[in-house]
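K.L.:
What follows is a single structure, and I will ask about it in a moment.
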Amino acid sequence: MGRALGVLIWLITLGSVLLFASGKWWFPATISEHGPEIDRQFMRTIIVVGISFVAAQVALGWAVWKYRATPGDTTRAVYSHGNNRLEIIWTVVTAVVFISLAVIGQRVWAQLHFVGAPAGSYQVEVVAQQFQWNFHYAGVDGQFGRTDPSLIGSSNLIGLDPADPKSRDDAVLATLVLPVNRPVELTLRSIDVTHSFWVPPLRFKQDLVPGMAIHVHFTPTKTGQYELACAELCGQFHYRMRGYVIILPQDEHNALMALPPDQFQTRVGQLRQQYPIVY
Amino acid sequence: MEEQAVMAAMVTGTKDITKKGKRIAGGPKKPAPNGHGSRGNGGGPGGDDLARRFEPDRYRIGMWVALAGITMLFTALTSAYIVRAGWANDRLPRDWRPLVIPNLLWLSTALIVVSSVTFEIARKGLKRGAESVYSRWLLVTVFLGLGFLTSQFVVWRQLVHQGVYMSSNPHVSFFYVLTAAHGVHLLGGIFGLDYLLLRTWRKRQGEFEEKKRQALADSVSLYWHFMDGLWVYLFLLLFFWR
Amino acid sequence: MSAHEISGEAHRHEPPKSFIRKYIFSLDHKVIGIQYMLLAMTSVLFGVVMSVLMRMNLSWPGTKWPILGTLFPTGAPEGVMSPEFYLSLVTMHGTMMVFFVLTTAPQGGFGNYFLPIQIGADDMAFPFLNMMSFWVTFVGFLVLVLAIFVEGNQTIGAWFSGLGDWMQGGSGTVGPIGGWTAYPPLSALGKIAGPGQGAGMSLWIISIAIFCVGSLLGALNFITTLLNMRTRGMSLMRMPLTCWAWFTTAVLALLAFPVLLAGGILLFLDRTAGTSFFIPGGEVVTDTLITSHQGGSPILWQHLFWFFGHPEVYIAILPGMGATSHILSTFARKPIFGYRAMVFAMFGIGLLGFFVWGHHMFISGMSPYSAMAFSILTLSIGVPSAIKTFNWIGTLWGAKIRFTVPMLFALGFVSLFVSGGITGLVLGQTSLDLPMHDTYFVLAHFHLVMGVAAIFGMFAAMSFWYPKMFGRMMNETIGKIHFWITFIGVYSIFMPMHIMGIIGMPRRYAQFAENGQSIYHFIDPADPLVKFVTAAAIVTALAQVLFYFNFFWSLFKGKKAGDNPWEATTLEWTTATPPPHDNFAGVVPTVYRGPYEFAVPGAPNDFILQTERDAEVAEVDGGTSGNGSDGHGH
C-alpha cells in the first residue's frame with residue numbers, strides 16, 4: 001500500500017509537470033509592451049511553484065514508500081518532537097523566496113498602474129452594457145462629446161448628447177480599433193452591472209464598474225484582429241459578450257481616423273473582414 | 001482587546017495550570033505530581049459534579065466572545081459608512097447630505113447613560129445581598145431601556161413625518177440601519193434584564209443560586225454597558241464625525 | 001438563556017427519553033454533530049450533482065436531457081439547459097458547498113462531536129445554543145433550496161404560488177444567477193438584471209444571513225467551551241491539534257461572519273428599501289433608466305464580502321489541517337513534528353487571513369497601491385502554510401506508517417494542499433492577476449485547496465472517528481477503493497483546469513460553443529481538456545456512491561469496534577464506544593501529558609494515553625529536542 005501510494009504520488013507529480021511543460025497548451029503570443037515582462041514573471045513564478053511542488057510531492061512519496069510499517073516488524077518509530085533549527089531555516093527560506101517574488105511582481109503593475117498614460121496617448125472610451133461592448137471614438141476633432149445616461153436608448157447606446165458640438169463627429173462602434181506601437185488610454189465605464197475588459201494576448205484585464213470612470217493604459221505591439229471577452233459575471237449571456245480589437249499599422253490607423261463617422265463605420269466593417277482573427 | 005479581556009476573565013482557576021504548562025514546555029522537568037490540586041481551566045474542583053456542570057466564568061467568557069462578534073458587525077457597518085460617505089459617482093454630484101441631529105436623540109442618550117448607572121446600583125445591591133434593592137433597580141433599568149427604545153422610535157416617526165425616509169439619502173439610510181441594529185441588540189438586553197428579574201422571584205436559595213445569579217447579572221450588565229457605549233459611539237459617528 | 005436550566009440543574013446526566021428530545025431537538029453535542037454531518041452529506045449531494053450538470057453543459061452544450069426538462073421546465077426547456085439555469089447552478093453549487101458543506105461538516109459536525117470529548121468536557125458550554133445553531137443553519141439550508149423555485153416572482157410572498165405552480169409542472173425553476181459572490185449591481189437591481197435575480201436572490205441573501213447567525217452562535221459556543229471547560233491537566237499546549245484548529249476556526253468565524261451579515265443587510269435594503277449603498281446612480285438596465293438610486297459603490301460590497309470571504313477559505317480548510325495532523329501522527333506512530341510551530345502556523349494563517357482580502361480585487365477598480373500591499377501580505381501566507389507542510393512531512397520521516405483508510409486520506413490531504421495552495425503564489429501577484437483573474441486557473445487553485453483538500457480532511461476524519469461515533473468500523477476495502485479513485489479523479493479534474501486557465505478560459509461561462517460554432521477561437525485548443533475533465537468529473541462523482549454505501553452499510557454490518565481501535569492517545573479513545581451521554585460516564589478525566597506520545601522509548605506500548613499516570617510509564621530520557629509539546633520526557 002505504501003509503495004503504491006508513493007509511486008502514485010510520483011506519477012501524479014510527473015504527469016502534472018509534463019502537462020505544464022508539454023508546450024502544447026500555453027498563453028497566446030503576447031501583443032503588448034508589458035506582455036513579455038508578465039510572461040517572464042509568470043515563468044519565474046511557475047519555476048518556483050514547480051520546484052516547491054515537485055520537492056514536496058517527491059518527499060511525501062518517499063516518506064510513504066520508505067517509512068511504511070511492515071508486518072512482523074516490532075521496532076518503533078523515531079521519537080522526536082521536532083527540530084527548532086530546521087523550523088527556522090525553512091521559515092526564513094520560504095519567507096525570503098515568496099516575498100521577493102511578490103516584490104519583483106510589482107514592477108509591471110507599477111508601470112501600468114502607478115503612472116498615468118503618457119502624453120499623446122490615443123484615447124478611446126469603452127462603455128459596456130449587458131452583453132455588448134461599445135467603443136466611443138472622439139472623431140476628427142479629438143474630443144469626446146458629452147454623454148448622459150438619460151439619453152441612452154436602442155439608437156443611442158451610450159447616451160451621446162446630440163446638442164453638444166463635440167459629439168457631431170463622434171462614432172460608437174462594437175469594435176475597438178487601436179494603432180500599433182502607440183500608447184493607448186482607455187476610459188472604462190459601464191452603464192449597468194460590473195463587466196471586465198479582457199484581451200488574452202494583451203495580458204490585460206480590468207473591471208468596468210458602474211458609477212466609475214477607470215483610466216487604464218497599455219501599448220499594443222502587433223497588428224491583427226483579436227477577441228475581447230468579458231471576464232466578470234454580468235448576467236445570463238455573459239458567455240457571449242464578445243468584442244473584437246483590431247490593431248492597425250499607424251498610417252492605416254491615421255487614415256481611418258480622418259474619415260467622417262459614417263465612412264468610419266463602413267471602413268471598420270471592411271477591416272474586420274480584412275484581418276483574420278489571431279489566436 | 002476582547003481576547004485580552006477573555007483571558008482576564010478566565011484567570012480565575014487557571015493560574016496554576018498555566019504556569020505548569022509553561023514550565024513543562026520550557027524543557028524536560030518533572031511535572032506537578034499527577035496534577036492534583038490544580039484545577040482544570042475553570043473546571044472547578046475536580047469530581048464535584050455540581051461545580052463541574054456550573055461554572056460562572058462560562059457566562060462571562062461567553063458574553064465577551066459575543067461582544068467581539070457584535071463589535072465586528074458594527075465595525076463593518078462603520079467602515080461601510082465611512083467609505084460610502086467619501087464615495088461619489090463619476091458624473092454625479094456627491095449625494096451625502098447629513099441629517100441634522102433630531103433633538104430627541106439627546107434624551108435617548110441621557111436615558112441610556114442613566115440606565116447604566118441604575119444597573120450598577122442594582123448589581124451593588126445584589127453583591128451585598130440586598131435582594132429588594134437589586135430587583136427594584138433592575139426594574140428601573142428596564143424602564144429606562146424601554147424609554148430609550150420609545151424615544152428612538154419616536155425619532156423615526158418624526159423623521160417619517162417630515163418625509164425623511166430610508167431611501168432619502170445615504171446618511172439617513174445609515175441612520176436607520178445603525179439605530180435599528182442597535183435597537184434590536186438593546187431589545188435583547190431588555191430580555192436579559194427581564195430574565196434577571198424573573199429569577200429574583202424564584203424561591204430557591206443557596207450558594208449555587210447565589211453564584212448563578214451573580215454570574216448572570218455580571219454578564220447581562222457587561223452587555224448592557226456595551227450597548228450603552230455602543231450607542232454613544234454611534235451617536236458620535238452619525239452626527240459628529242466629519 | 002435557558003441553556004443552563006437544562007445543563008446546570010439537571011442533576012443527573014441521564015439521556016432524554018423521548019425520540020424528539022433525543023434525536024431531533026437534542027441538546028447533546030454528539031447528536032448535534034451528527035445532525036450537522038448529515039446536513040453536509042445532503043448538501044454535498046446537491047453540490048456534486050450540480051457540478052456534474054455544469055460539466056455536461058460545458059462539454060455538450062445544447063444537448064437535450066429529458067429528465068431536466070421535466071424537473072426544471074423553465075430552467076431547461078425541453079431538457080436543454082439555458083444559460084441562466086447554468087448560472088443558477090454555479091450560484092447554488094458555490095453556496096451549498098462553501099456554506100453548507102465546507103463550513104458545517106468540519107466545524108459544526110466533527111468539531112461539535114469531538115471538541116468537548118477531546119478536552120474532557122461533558123458537553124458544550126451552552127447546549128441550548130448549540131441546538132439552536134444547528135436548527136438555524138438548517139432553516140438557512142431550506143431557504144436556499146427554495147430560492148431555485150421562485151424565478152418569475154418578484155416578491156417573496158409570491159413564492160408560495162410559484163412553488164405550487166412548479167409542483168403542477170409550470171412556473172420558474174431558475175435560482176439566482178449572480179454566483180456565490182453576489183456582486184452588485186447584478187445582485188442588487190432585482191429581476192430587471194436577469195432571471196433568478198428577483199425573489200430568488202432575496203431568498204439567497206436571507207438564507208446567508210440566517211446561516212451567519214447560526215455560525216456565530218456556534219463559534220461563541222466553541223470558543224467558550226474550549227476556554228472554560230478543559231478538564232484537569234488539559235493545558236492549552238496539551239490539546240490535540242484538532243482542538244486548536246477548531247478554536248482558530250471559531251475565532252475566524254466569530255470575526256468574519258458579522259461582516260458578511262452587515263453586507264447582506266445592506267444588500268437586502270438596496271433591493272427592497274430603495275437605499276443606495278451599492279447601487280450607483282444613472283444606471284440603465286435593459287434600456288430602462290433607474291432613477292430610484294443615487295451614488296452607491298459596487299466596490300464597497302466586494303470589500304465587505306471578501307473581508308469575510310477570505311477568512312472563510314480558512315474556516316473551510318483549518319479543521320482539515322487539524323484532522324490531518326492528528327491522523328498523520330496517529331498512523332505514523334510518531335509524535336507530531338513541531339507541535340508549537342503547528343499551533344503558531346495555524347494562528348498565523350488565521351491572522352494573516354484577515355489582511356489579504358484585497359487579492360480578490362486587484363482588477364476591481366480598487367486603488368493599485370493597496371493592491372500592492374495586499375499582494376505582499378498574500379504571499380506571506382505561504383510561509384505558515386509551508387511550515388505546516390514541512391512539519392507534516394517531518395512527522396512522516398522515520399515513522400512506521402500504517403496505511404489505514406483515514407491515513408490514506410490524510411496523506412491525500414497533504415498532497416492536495418500542496419498542489420492547490422502553491423498556485424496561490426501565482427494568483428497572489430498583482431501583475432499575474434492580469435492574465436489569470438477569473439479564469440479556470442483560479443477555479444483549479446481554490447477547488448484543490450479549499451474544496452478537495454478540505455473534503456479529503458473530512459473523509460479522513462469520518463473514517464477515523466466513525467468507529468467511535470457508531471461503534472462499528474467502516475469497510476476497509478471499500479474505503480480504499482474509494483480513496484484510489486477519488487485521489488486520481490480529483491487530480492485528473494483539476495490539474496488540466498490550470499492549463500485551461502493559462503489558455504485563457506474564463507470561468508462562469510455557461511458554454512463555449514453555440515449551435516456547433518465556438519464562440520471564442522482562443523479557447524478552441526482547450527477543447528480536448530474540457531472533455532477529459534468532464535469524463536473525470538463523472539467518474540469521480542460516481543465513486544462517491546462507494547462512500548455513501550460504506551457509511552450506511554457499516555452502520556449495520558460493519559465490524560464491531562473496541563474503545564480504541566486505532567491505538568490512539570487522545571481522550572476520545574479513553575471512553576466507551578460510542579461515548580455515553582455525558583461522554584465520560586460521570587468520571588472527570590485527568591490529563592498528564594501531551595496529545596501525541598507515540599513511540600516513547602522504554603514505554604510498554606508504542607502509544608501512551610493522555611490520561612495515563614506517570615507512574616504507569618517507565619522513566620525515559622526526554623529533552624531530545626526543544627520543539628516538543630508538553631509532557632514529553634520525564
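Just so we're on the same page: first chain in the C-alpha cells is A, next is B, and so on; residues restart at 1 for each chain, and ligands are numbered from 1 in the order they show up.
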Using only C-alpha atoms, find each residue in chain B having at least one atom no more than 9 Å away from chain A; report its shortest atom-to-atom pair and that distance in Å (one decimal), rows by chain then rising number, as a Markdown table.

P.N.:
```
| residue | atom | partner | partner_atom | distance |
| --- | --- | --- | --- | --- |
| B:Ala88 | CA | A:Gly211 | CA | 8.0 |
| B:Asn89 | CA | A:Gly211 | CA | 4.7 |
| B:Asp90 | CA | A:Met212 | CA | 5.1 |
| B:Arg91 | CA | A:Gly211 | CA | 7.5 |
| B:Leu92 | CA | A:Gly211 | CA | 8.5 |
```

K.L.:
Next, write the just-selected residues to a file, as a compact mmCIF listing (two decimals), in the first residue's frame, keeping C-alpha atoms as the atom set.

P.N.:
```
# COMPACT_ATOMS: atom_id res chain seq x y z
CA ALA B 88 -19.13 59.85 -5.36
CA ASN B 89 -20.20 58.63 -8.75
CA ASP B 90 -18.06 59.80 -11.55
CA ARG B 91 -20.64 62.04 -13.23
CA LEU B 92 -22.99 62.82 -10.36
```

K.L.:
Show which residues sit within 7 Å of segment 483-488 of chain C, as an MDAnalysis selection string. Count only C-alpha atoms, and ignore same-chain residues fewer than 4 positions away.

P.N.:
chainID C and resid 409 412 479 492 540 543

K.L.:
So the first atom is atom CA of Ala174 of chain A and the second is atom CA of Asn134 of chain A; what is the distance between them in Å, to one decimal place?

P.N.:
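These atoms are spaced 4.9 Å apart.
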
K.L.:
Using DSSP secondary structure from the backbone, list all alpha helix (DSSP H) positions within segment 71-220 of chain A, as a VMD selection string.

P.N.:
chain A and resid 84 to 104 106 to 113

K.L.:
Near Phe556 of chain C, within 10 Å and counting only C-alpha atoms, which residues show up once chain neighbours fewer than 3 positions away are dropped, as number ranges by chain?

P.N.:
C: 470-472, 551-553, 559-560

K.L.:
Residues as selected, N, CA and C atoms, written as a tab-separated table (two decimals), in the first residue's frame, can you do that?

P.N.:
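Below is the file part10.tsv, written as the result:
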```
chain	number	residue	atom	x	y	z
C	470	PHE	N	-20.11	5.41	15.92
C	470	PHE	CA	-21.17	4.45	15.65
C	470	PHE	C	-20.87	3.05	16.17
C	471	GLY	N	-19.71	2.87	16.76
C	471	GLY	CA	-19.41	1.58	17.36
C	471	GLY	C	-19.01	0.50	16.37
C	472	ARG	N	-18.92	0.86	15.10
C	472	ARG	CA	-18.50	-0.13	14.10
C	472	ARG	C	-17.45	0.48	13.18
C	551	PHE	N	-20.82	4.20	4.32
C	551	PHE	CA	-21.31	4.89	5.51
C	551	PHE	C	-22.54	4.18	6.07
C	552	PHE	N	-23.52	3.92	5.21
C	552	PHE	CA	-24.77	3.36	5.71
C	552	PHE	C	-24.68	1.86	5.95
C	553	TRP	N	-23.94	1.18	5.09
C	553	TRP	CA	-23.80	-0.27	5.22
C	553	TRP	C	-23.09	-0.61	6.53
C	559	LYS	N	-17.68	-4.14	11.11
C	559	LYS	CA	-17.06	-4.90	12.20
C	559	LYS	C	-17.21	-4.11	13.48
C	560	LYS	N	-17.54	-4.76	14.58
C	560	LYS	CA	-17.66	-4.06	15.86
C	560	LYS	C	-16.32	-3.46	16.26
```

K.L.:
So, counting only C-alpha atoms, which residue among B:Ala76, B:Val232, B:Trp96, B:Asp57 is closest to Gly264 of chain C?

P.N.:
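Using only C-alpha atoms, the shortest distance to Gly264 of chain C belongs to B:Ala76.
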
K.L.:
With a distance threshold of 6 Å and counting only C-alpha atoms, extract the residues of chain A near chain C and express them as number ranges by chain.

P.N.:
A: 26-27, 63, 67-69, 76-79, 81-84, 94-95, 98, 102, 105, 109, 149, 153, 191-193, 203-207, 211, 236, 239, 279

K.L.:
Could you write out that same residue set with N, CA and C atoms as a short mmCIF file (atom, residue, chain, number, x, y, z; two decimals), in the first residue's frame?

P.N.:
```cif
data_model
loop_
_atom_site.label_atom_id
_atom_site.label_comp_id
_atom_site.auth_asym_id
_atom_site.auth_seq_id
_atom_site.Cartn_x
_atom_site.Cartn_y
_atom_site.Cartn_z
N TRP A 26 -0.44 26.79 -24.00
CA TRP A 26 0.17 27.89 -23.25
C TRP A 26 -0.58 29.18 -23.57
N PHE A 27 -0.08 30.28 -23.05
CA PHE A 27 -0.68 31.57 -23.38
C PHE A 27 -0.65 31.80 -24.88
N ALA A 63 8.57 9.44 1.71
CA ALA A 63 8.26 9.12 3.10
C ALA A 63 7.29 7.94 3.19
N TYR A 67 8.92 4.71 4.90
CA TYR A 67 8.62 4.55 6.33
C TYR A 67 7.32 3.80 6.58
N ARG A 68 6.99 2.86 5.72
CA ARG A 68 5.78 2.07 5.96
C ARG A 68 6.07 1.01 7.02
N ALA A 69 5.05 0.71 7.80
CA ALA A 69 5.20 -0.36 8.79
C ALA A 69 5.09 -1.69 8.05
N ARG A 76 10.02 0.58 16.87
CA ARG A 76 9.16 1.75 16.91
C ARG A 76 9.68 2.87 16.02
N ALA A 77 8.80 3.83 15.81
CA ALA A 77 9.18 5.00 15.03
C ALA A 77 10.20 5.82 15.82
N VAL A 78 10.83 6.75 15.14
CA VAL A 78 11.77 7.64 15.81
C VAL A 78 11.00 8.56 16.75
N TYR A 79 11.44 8.66 18.01
CA TYR A 79 10.72 9.52 18.95
C TYR A 79 11.31 10.92 18.90
N HIS A 81 10.11 15.26 18.75
CA HIS A 81 9.04 16.25 18.75
C HIS A 81 9.31 17.40 17.79
N GLY A 82 10.39 17.28 17.04
CA GLY A 82 10.65 18.34 16.07
C GLY A 82 12.05 18.88 16.22
N ASN A 83 12.32 19.90 15.46
CA ASN A 83 13.65 20.46 15.43
C ASN A 83 13.54 21.94 15.16
N ASN A 84 13.86 22.73 16.17
CA ASN A 84 13.69 24.17 16.04
C ASN A 84 14.53 24.78 14.94
N THR A 94 11.49 30.15 2.93
CA THR A 94 10.25 30.38 2.19
C THR A 94 9.85 31.85 2.26
N ALA A 95 10.05 32.48 3.41
CA ALA A 95 9.67 33.89 3.52
C ALA A 95 10.44 34.72 2.51
N PHE A 98 9.28 33.77 -1.22
CA PHE A 98 7.91 34.17 -1.55
C PHE A 98 7.79 35.69 -1.61
N ALA A 102 6.88 38.32 -4.67
CA ALA A 102 5.80 39.31 -4.66
C ALA A 102 6.32 40.69 -5.02
N GLY A 105 7.21 40.98 -8.68
CA GLY A 105 5.99 41.01 -9.48
C GLY A 105 5.32 42.37 -9.55
N TRP A 109 3.15 45.92 -12.62
CA TRP A 109 1.96 46.53 -12.02
C TRP A 109 2.17 48.03 -11.86
N PRO A 149 -26.68 59.43 -19.17
CA PRO A 149 -27.41 58.16 -19.10
C PRO A 149 -28.87 58.29 -19.50
N GLY A 153 -30.65 54.87 -25.32
CA GLY A 153 -31.76 54.13 -25.90
C GLY A 153 -31.20 53.18 -26.93
N ILE A 191 -22.69 50.89 -17.97
CA ILE A 191 -23.95 51.56 -17.69
C ILE A 191 -24.87 50.72 -16.81
N ASP A 192 -24.56 49.44 -16.61
CA ASP A 192 -25.49 48.65 -15.80
C ASP A 192 -24.81 47.87 -14.68
N VAL A 193 -24.14 46.77 -15.03
CA VAL A 193 -23.52 45.97 -13.98
C VAL A 193 -22.01 45.95 -14.22
N ARG A 203 -2.54 40.54 -22.38
CA ARG A 203 -2.22 40.31 -20.96
C ARG A 203 -2.80 41.45 -20.13
N PHE A 204 -4.02 41.80 -20.41
CA PHE A 204 -4.59 42.93 -19.70
C PHE A 204 -6.04 42.65 -19.34
N LYS A 205 -6.39 43.02 -18.12
CA LYS A 205 -7.76 42.81 -17.67
C LYS A 205 -8.10 43.92 -16.69
N GLN A 206 -9.29 44.47 -16.82
CA GLN A 206 -9.72 45.50 -15.87
C GLN A 206 -11.24 45.51 -15.79
N ASP A 207 -11.76 45.56 -14.57
CA ASP A 207 -13.21 45.64 -14.39
C ASP A 207 -13.73 47.00 -14.84
N GLY A 211 -20.77 53.68 -12.38
CA GLY A 211 -20.54 54.80 -11.46
C GLY A 211 -19.10 55.23 -11.39
N GLN A 236 -27.08 36.59 -17.69
CA GLN A 236 -27.29 35.28 -18.33
C GLN A 236 -26.47 35.09 -19.60
N TYR A 239 -21.53 34.71 -21.29
CA TYR A 239 -20.62 33.87 -22.09
C TYR A 239 -20.50 34.34 -23.53
N TYR A 279 -5.25 33.88 -32.97
CA TYR A 279 -5.42 33.24 -31.66
C TYR A 279 -4.41 32.14 -31.48
#
```

K.L.:
May I have the residues within 8 Å of Gln41 of chain A as JSON, numbers by chain, using only C-alpha atoms and disregarding those fewer than 3 positions away in the same chain?

P.N.:
{"A": [37, 38, 44, 45, 104, 105], "C": [432]}

K.L.:
Pick out each residue of segment 68-154 of chain A that DSSP on the backbone tags as strand (DSSP E); I need them as a PyMOL selection string.

P.N.:
chain A and resi 122-129+132-137

K.L.:
Only all heavy atoms, please: the residues just picked out, written as a compact mmCIF listing (two decimals), in the first residue's frame.

P.N.:
```txt
# COMPACT_ATOMS: atom_id res chain seq x y z
N TYR A 122 -3.31 57.57 -27.47
CA TYR A 122 -4.54 57.50 -28.25
C TYR A 122 -5.69 57.13 -27.31
O TYR A 122 -5.58 56.20 -26.53
CB TYR A 122 -4.38 56.46 -29.36
CG TYR A 122 -5.66 56.25 -30.13
CD1 TYR A 122 -6.17 57.28 -30.90
CD2 TYR A 122 -6.33 55.04 -30.07
CE1 TYR A 122 -7.35 57.10 -31.59
CE2 TYR A 122 -7.50 54.85 -30.77
CZ TYR A 122 -8.02 55.89 -31.52
OH TYR A 122 -9.20 55.71 -32.20
N GLN A 123 -6.77 57.91 -27.37
CA GLN A 123 -7.83 57.73 -26.37
C GLN A 123 -9.12 57.18 -26.95
O GLN A 123 -9.58 57.62 -28.01
CB GLN A 123 -8.14 59.06 -25.72
CG GLN A 123 -6.93 59.63 -25.01
CD GLN A 123 -7.32 60.64 -23.97
OE1 GLN A 123 -8.35 61.30 -24.11
NE2 GLN A 123 -6.51 60.75 -22.93
N VAL A 124 -9.69 56.20 -26.23
CA VAL A 124 -10.99 55.67 -26.59
C VAL A 124 -11.77 55.47 -25.30
O VAL A 124 -11.20 55.13 -24.28
CB VAL A 124 -10.88 54.31 -27.32
CG1 VAL A 124 -12.27 53.81 -27.73
CG2 VAL A 124 -10.00 54.41 -28.55
N GLU A 125 -13.09 55.72 -25.36
CA GLU A 125 -13.94 55.41 -24.21
C GLU A 125 -14.62 54.08 -24.44
O GLU A 125 -15.14 53.82 -25.51
CB GLU A 125 -15.02 56.48 -24.04
CG GLU A 125 -14.59 57.64 -23.20
CD GLU A 125 -15.78 58.44 -22.68
OE1 GLU A 125 -16.93 58.16 -23.05
OE2 GLU A 125 -15.53 59.33 -21.88
N VAL A 126 -14.59 53.24 -23.42
CA VAL A 126 -15.25 51.95 -23.52
C VAL A 126 -16.48 52.00 -22.63
O VAL A 126 -16.38 52.33 -21.45
CB VAL A 126 -14.33 50.81 -23.04
CG1 VAL A 126 -14.99 49.47 -23.26
CG2 VAL A 126 -12.98 50.88 -23.74
N VAL A 127 -17.64 51.72 -23.21
CA VAL A 127 -18.87 51.72 -22.42
C VAL A 127 -19.51 50.34 -22.55
O VAL A 127 -19.99 49.97 -23.61
CB VAL A 127 -19.85 52.81 -22.90
CG1 VAL A 127 -21.09 52.82 -22.01
CG2 VAL A 127 -19.18 54.17 -22.88
N ALA A 128 -19.47 49.59 -21.45
CA ALA A 128 -20.02 48.23 -21.50
C ALA A 128 -21.46 48.26 -21.05
O ALA A 128 -21.85 49.08 -20.24
CB ALA A 128 -19.21 47.32 -20.60
N GLN A 129 -22.23 47.36 -21.61
CA GLN A 129 -23.59 47.18 -21.12
C GLN A 129 -23.89 45.71 -21.21
O GLN A 129 -23.10 44.95 -21.77
CB GLN A 129 -24.59 47.97 -21.94
CG GLN A 129 -24.75 47.44 -23.35
CD GLN A 129 -25.73 48.28 -24.14
OE1 GLN A 129 -25.38 49.32 -24.66
NE2 GLN A 129 -26.96 47.79 -24.21
N GLN A 132 -22.92 43.57 -24.40
CA GLN A 132 -22.19 44.09 -25.55
C GLN A 132 -21.23 45.21 -25.18
O GLN A 132 -21.37 45.86 -24.16
CB GLN A 132 -23.14 44.52 -26.66
CG GLN A 132 -23.71 45.91 -26.53
CD GLN A 132 -24.67 46.17 -27.65
OE1 GLN A 132 -25.58 45.36 -27.90
NE2 GLN A 132 -24.53 47.28 -28.34
N TRP A 133 -20.22 45.34 -26.05
CA TRP A 133 -19.20 46.37 -25.86
C TRP A 133 -19.47 47.52 -26.81
O TRP A 133 -19.74 47.31 -27.99
CB TRP A 133 -17.81 45.81 -26.17
CG TRP A 133 -17.39 44.69 -25.28
CD1 TRP A 133 -17.50 43.36 -25.55
CD2 TRP A 133 -16.80 44.79 -24.00
NE1 TRP A 133 -17.02 42.62 -24.51
CE2 TRP A 133 -16.57 43.47 -23.54
CE3 TRP A 133 -16.44 45.85 -23.17
CZ2 TRP A 133 -16.01 43.20 -22.30
CZ3 TRP A 133 -15.87 45.58 -21.94
CH2 TRP A 133 -15.66 44.27 -21.51
N ASN A 134 -19.38 48.75 -26.29
CA ASN A 134 -19.49 49.92 -27.16
C ASN A 134 -18.20 50.73 -27.02
O ASN A 134 -17.75 50.96 -25.91
CB ASN A 134 -20.66 50.79 -26.76
CG ASN A 134 -21.96 50.01 -26.73
OD1 ASN A 134 -22.37 49.44 -27.74
ND2 ASN A 134 -22.58 49.95 -25.57
N PHE A 135 -17.66 51.14 -28.17
CA PHE A 135 -16.43 51.93 -28.13
C PHE A 135 -16.73 53.31 -28.68
O PHE A 135 -17.26 53.45 -29.78
CB PHE A 135 -15.33 51.23 -28.93
CG PHE A 135 -15.02 49.88 -28.35
CD1 PHE A 135 -15.55 48.73 -28.91
CD2 PHE A 135 -14.23 49.78 -27.19
CE1 PHE A 135 -15.29 47.48 -28.35
CE2 PHE A 135 -13.98 48.54 -26.64
CZ PHE A 135 -14.51 47.38 -27.21
N HIS A 136 -16.41 54.29 -27.92
CA HIS A 136 -16.74 55.67 -28.23
C HIS A 136 -15.48 56.35 -28.75
O HIS A 136 -14.51 56.51 -28.00
CB HIS A 136 -17.29 56.34 -26.96
CG HIS A 136 -17.65 57.77 -27.13
ND1 HIS A 136 -17.92 58.59 -26.06
CD2 HIS A 136 -17.79 58.54 -28.23
CE1 HIS A 136 -18.19 59.80 -26.49
NE2 HIS A 136 -18.11 59.80 -27.81
N TYR A 137 -15.49 56.70 -30.04
CA TYR A 137 -14.33 57.35 -30.66
C TYR A 137 -14.56 58.86 -30.72
O TYR A 137 -15.68 59.31 -31.00
CB TYR A 137 -14.10 56.82 -32.08
CG TYR A 137 -13.76 55.36 -32.10
CD1 TYR A 137 -14.77 54.40 -32.19
CD2 TYR A 137 -12.44 54.93 -32.03
CE1 TYR A 137 -14.47 53.05 -32.20
CE2 TYR A 137 -12.13 53.57 -32.04
CZ TYR A 137 -13.15 52.64 -32.13
OH TYR A 137 -12.84 51.32 -32.14
```

K.L.:
Neighbouring residues of Thr95 of chain C were defined as those with any atom within 10 Å, considering only C-alpha atoms; residues of the same chain fewer than 3 positions away were excluded. Please report them as JSON, numbers by chain.

P.N.:
{"C": [43, 47, 89, 90, 91, 92, 98, 99, 100, 101, 102, 141, 144, 179, 180, 181, 204, 207, 208]}
